[in-house]
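Structure first, commentary second.
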Amino acid sequence: MAETMFEMRHIKKMYGTLAANDDVSIRLDKGEILCIVGENGAGKSTIMKVLYGLEQPTAGEILVRGERVRFRTPSDAMAKGIGMVQQHFMLFEDLTVAENIVFKNEVRKGPFLDRKTTFETVRQLSEKYALKIDPKAKISDCQVGLRQRVEILKILYQNAEIIIFDEPSAVLTPLEVEGLLETMRNLAAAGKSIVLITHKLQEVMAVADRIYVMRLGKVVAERRKSETSADELAYLMVGHHPATRDIPAIAPGRPLLEVKDLCLENDGRDILKSVNLHVDAGEVVGIAGVSGNGQSELEACITGLTASTGGTVLLDGKDVTKATVHERRENGMAHISEDRFLWGGATEGMLYENALMAKEDKAPFSKHGFLNKRSISDYADDLMKRFKVKASSNTQKLHELSGGNAQKLITGREIMMNSPVLICCEPTRGIDIGAQEFIHDEILKKRENGDAVLLISSELTEIMTLSDRIYVLFEGKIAGEFKRGAIDEKSLGILMLGGKINE
């Protein structure tokens, strides 16, 4: 019988009157990959924060290798061999990979860092766990996938035996996700014990040994992977079978968004190279591409966050190329940004403040320069109810919400702008099946209303399901344009990587 690494027994975690965890019991065995799945707000991240010492349980007990423990800080958890790779990386941009990995546990020669020993130690560690990385590289030069490897190596350097991954693939490309899942298998094979918090069922079915399903703060099912399927897990997570979509054809209207010969140069390098696209009324147009091929820059140039170095952006025929973000919004452009916290909202702001953004000077929310707090609060409550944002009140701060609930709030705010053009970037990144379905429904309602939606997403299934037309972006150029059903996922993936089809 496998050794039990930890047990959490009858854990309860209350936030005021809200039970984030309600009588939750979980066990992890040595060398296994345990997946915890559930919708946003189901309590899966909270239960792991309790284990890691980031939150204190209201009731219940934790045993690590049979010893009853109480972790008041993450340092207490690390001392017992528990590490956590969180969604938002904690790295120093100006330090090297090796310096980040050994931070606070440095090998020194007198008062100075022993660089030679440090680099060699990190190199050996990366080779041992098949996590290839250059110890001397600066973090500022590392892509997202490499940064995640650094976070994992930090934990391994501290001799963690239990590693918790909290929604680790939310910011990764499909190829990086494959590498991450392989890393988990390698770690488990080396005797490490893994907890994976995720809502992506394809990842669960790829690596899990055992699965807990959580809903509304409770564990509603425990399954071995061999005993279940993605369909059953989806049903257990949301309480119903996900809907199948039959999207009726709509004859597109006039162009509401036109991008003509758009160029962007940075430090002498061409980032966008004469990009041409259009989105017509009653149309969802998808942009498919591997991260780093110009999608973020295209989003920034269209929305006014970055000034293009050439070309034209037209909103319903009006030239807005040199217009500010505010002017574009006033002329009918809404924007669900790629980074919900950097561009999409104020993390320290209250939910009603985030709901109000871009409407603070409009009736009935203000008059003669004074805000109408009752109207603002009612509007925020209505938005949160309509978009199913789970929160104790609209006076919570944005950063206190789960990633999925923050995303629903920001998505709701932009959709309720009722703008004819919606720039929609990674709208379902890091959120669960139920919330994905809801946001997809709202995007399709925009389409049915005769609005234009430009959808930029790294989720190929999302692009292929929702888009009437698809543009493929590779190295800053349009590599192809296809109507719905005219290309399969495999061929689209080949084009995204710079290959050719129909050779």
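Going by the structure tokens order, chains are called A, B, ..., each with residues numbered from 1, while ligands are numbered from 1 in the order shown.
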Going by DSSP on the backbone, which bits of region 245-323 of chain A are helix (DSSP H, G or I)? Write them as an mmCIF file with N, CA and C atoms, in the first residue's frame, please.
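What landed in part_22.cif:
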data_model
loop_
_atom_site.group_PDB
_atom_site.id
_atom_site.type_symbol
_atom_site.label_atom_id
_atom_site.label_comp_id
_atom_site.auth_asym_id
_atom_site.auth_seq_id
_atom_site.Cartn_x
_atom_site.Cartn_y
_atom_site.Cartn_z
ATOM 1 N N GLN A 295 -0.038 38.381 -31.788
ATOM 2 C CA GLN A 295 -1.440 38.561 -31.379
ATOM 3 C C GLN A 295 -1.591 39.686 -30.351
ATOM 4 N N SER A 296 -0.719 39.702 -29.333
ATOM 5 C CA SER A 296 -0.823 40.728 -28.289
ATOM 6 C C SER A 296 -0.598 42.113 -28.870
ATOM 7 N N GLU A 297 0.342 42.232 -29.784
ATOM 8 C CA GLU A 297 0.631 43.523 -30.411
ATOM 9 C C GLU A 297 -0.519 43.964 -31.314
ATOM 10 N N LEU A 298 -1.141 42.997 -32.014
ATOM 11 C CA LEU A 298 -2.300 43.315 -32.847
ATOM 12 C C LEU A 298 -3.442 43.847 -31.978
ATOM 13 N N GLU A 299 -3.699 43.177 -30.872
ATOM 14 C CA GLU A 299 -4.710 43.631 -29.919
ATOM 15 C C GLU A 299 -4.411 45.053 -29.465
ATOM 16 N N ALA A 300 -3.145 45.316 -29.092
ATOM 17 C CA ALA A 300 -2.765 46.628 -28.552
ATOM 18 C C ALA A 300 -2.905 47.732 -29.592
ATOM 19 N N CYS A 301 -2.561 47.436 -30.843
ATOM 20 C CA CYS A 301 -2.656 48.455 -31.898
ATOM 21 C C CYS A 301 -4.109 48.751 -32.254
ATOM 22 N N ILE A 302 -4.944 47.734 -32.296
ATOM 23 C CA ILE A 302 -6.355 47.950 -32.644
ATOM 24 C C ILE A 302 -7.072 48.740 -31.558
ATOM 25 N N THR A 303 -6.747 48.454 -30.296
ATOM 26 C CA THR A 303 -7.461 49.098 -29.186
ATOM 27 C C THR A 303 -6.854 50.422 -28.760
#
Could you give me, as a list of chain:residue names, the residues within 10 Å of Glu120 (chain A), counting only C-alpha atoms and dropping anything in the same chain fewer than 6 positions from it? A:Ala98, A:Ser126, A:Pro135
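Residues lying within 7 Å of Leu314 (chain A), counting only C-alpha atoms and ignoring same-chain neighbours fewer than 2 positions away, are A:Leu257, A:Glu258, A:Val259, A:Thr312, A:Asp316, A:Gly317, A:Lys318, A:Asp319, A:Val320.
Nearest residue to Ile155 (chain A) among A:Asn293, A:Gln124, A:Lys136, A:Gly83 is A:Gly83, counting only C-alpha atoms.
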Within 9 Å of region 448-450 of chain A using only C-alpha atoms, minus same-chain residues under 5 positions, as a count of residues only: 9
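Put simply, CA of Gly403 (chain A) is 8.5 Å away from CA of Arg340 (chain A).
The shell of residues at most 8 Å from Arg413 (chain A), with only C-alpha atoms counted and near chain neighbours (fewer than 6 positions) removed, consists of Ala355, Leu356, Met357 and Leu383 of chain A.
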How would the residues just chosen look if you wrote them out with N, CA, C and O atoms as a PDB file, in the first residue's frame?
ATOM      1  N   ALA A 355     -16.703  47.527 -12.206  1.00  0.00           N
ATOM      2  CA  ALA A 355     -17.887  47.404 -13.062  1.00  0.00           C
ATOM      3  C   ALA A 355     -18.215  48.711 -13.762  1.00  0.00           C
ATOM      4  O   ALA A 355     -18.751  48.726 -14.873  1.00  0.00           O
ATOM      5  N   LEU A 356     -17.888  49.829 -13.119  1.00  0.00           N
ATOM      6  CA  LEU A 356     -18.259  51.151 -13.630  1.00  0.00           C
ATOM      7  C   LEU A 356     -17.308  51.690 -14.689  1.00  0.00           C
ATOM      8  O   LEU A 356     -17.670  52.606 -15.429  1.00  0.00           O
ATOM      9  N   MET A 357     -16.112  51.139 -14.799  1.00  0.00           N
ATOM     10  CA  MET A 357     -15.081  51.715 -15.673  1.00  0.00           C
ATOM     11  C   MET A 357     -15.627  52.038 -17.067  1.00  0.00           C
ATOM     12  O   MET A 357     -16.284  51.209 -17.683  1.00  0.00           O
ATOM     13  N   LEU A 383     -24.949  43.522 -12.877  1.00  0.00           N
ATOM     14  CA  LEU A 383     -23.908  42.916 -13.710  1.00  0.00           C
ATOM     15  C   LEU A 383     -23.432  41.601 -13.098  1.00  0.00           C
ATOM     16  O   LEU A 383     -23.303  40.581 -13.789  1.00  0.00           O
TER      17      LEU A 383
END
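Proximity to Gly66 (chain A) was assessed for A:His88, A:Lys104, A:His440, A:Arg9 counting only C-alpha atoms; the smallest distance is recorded for A:Arg9.
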Test item: residues at most 8 Å from region 142-153 of chain A, only C-alpha atoms, excluding those fewer than 4 positions along its chain, as an MDAnalysis selection string: chainID A and resid 85 89:91 97 100:101 125:126 131 133 137:138 157 171:172 176
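In this comparison, which uses only C-alpha atoms, the residue of A:Asn105, A:Thr309, A:Ser226, A:Asn418 approaching Asn159 (chain A) most closely is A:Asn105.
In this comparison, which uses only C-alpha atoms, the residue of A:Gln86, A:Arg223, A:Phe341, A:Ala452 approaching Leu401 (chain A) most closely is A:Phe341.
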Residues flagged strand (DSSP E or B) by DSSP in region 3-191 of chain A, as a PyMOL selection string: chain A and resi 4-15+18-29+33-38+59-64+67-69+82-85+96+108-109+112-113+138+162-166
If you count only C-alpha atoms, which residues fall within 9 Å of region 267-271 of chain A, apart from same-chain ones fewer than 3 positions away, as an NGL selection string? :A and (263-264 or 293-294 or 297 or 475-477)
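Interatomic distance, CA of Val290 (chain A) to CA of Ile336 (chain A): 19.3 Å.
Of the listed residues (A:Asp166, A:Asp134, A:Glu67, A:Asp76), A:Asp134 comes nearest to Glu99 (chain A); the distances count only C-alpha atoms.
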Rounded to one decimal, what separation in Å do you get between CA of Asp246 (chain A) and CA of Phe438 (chain A)? 15.1 Å
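With distances restricted to only C-alpha atoms, A:Asp209 is the closest residue to Cys35 (chain A) from A:Asp209, A:Asp94, A:Glu55, A:Glu7.
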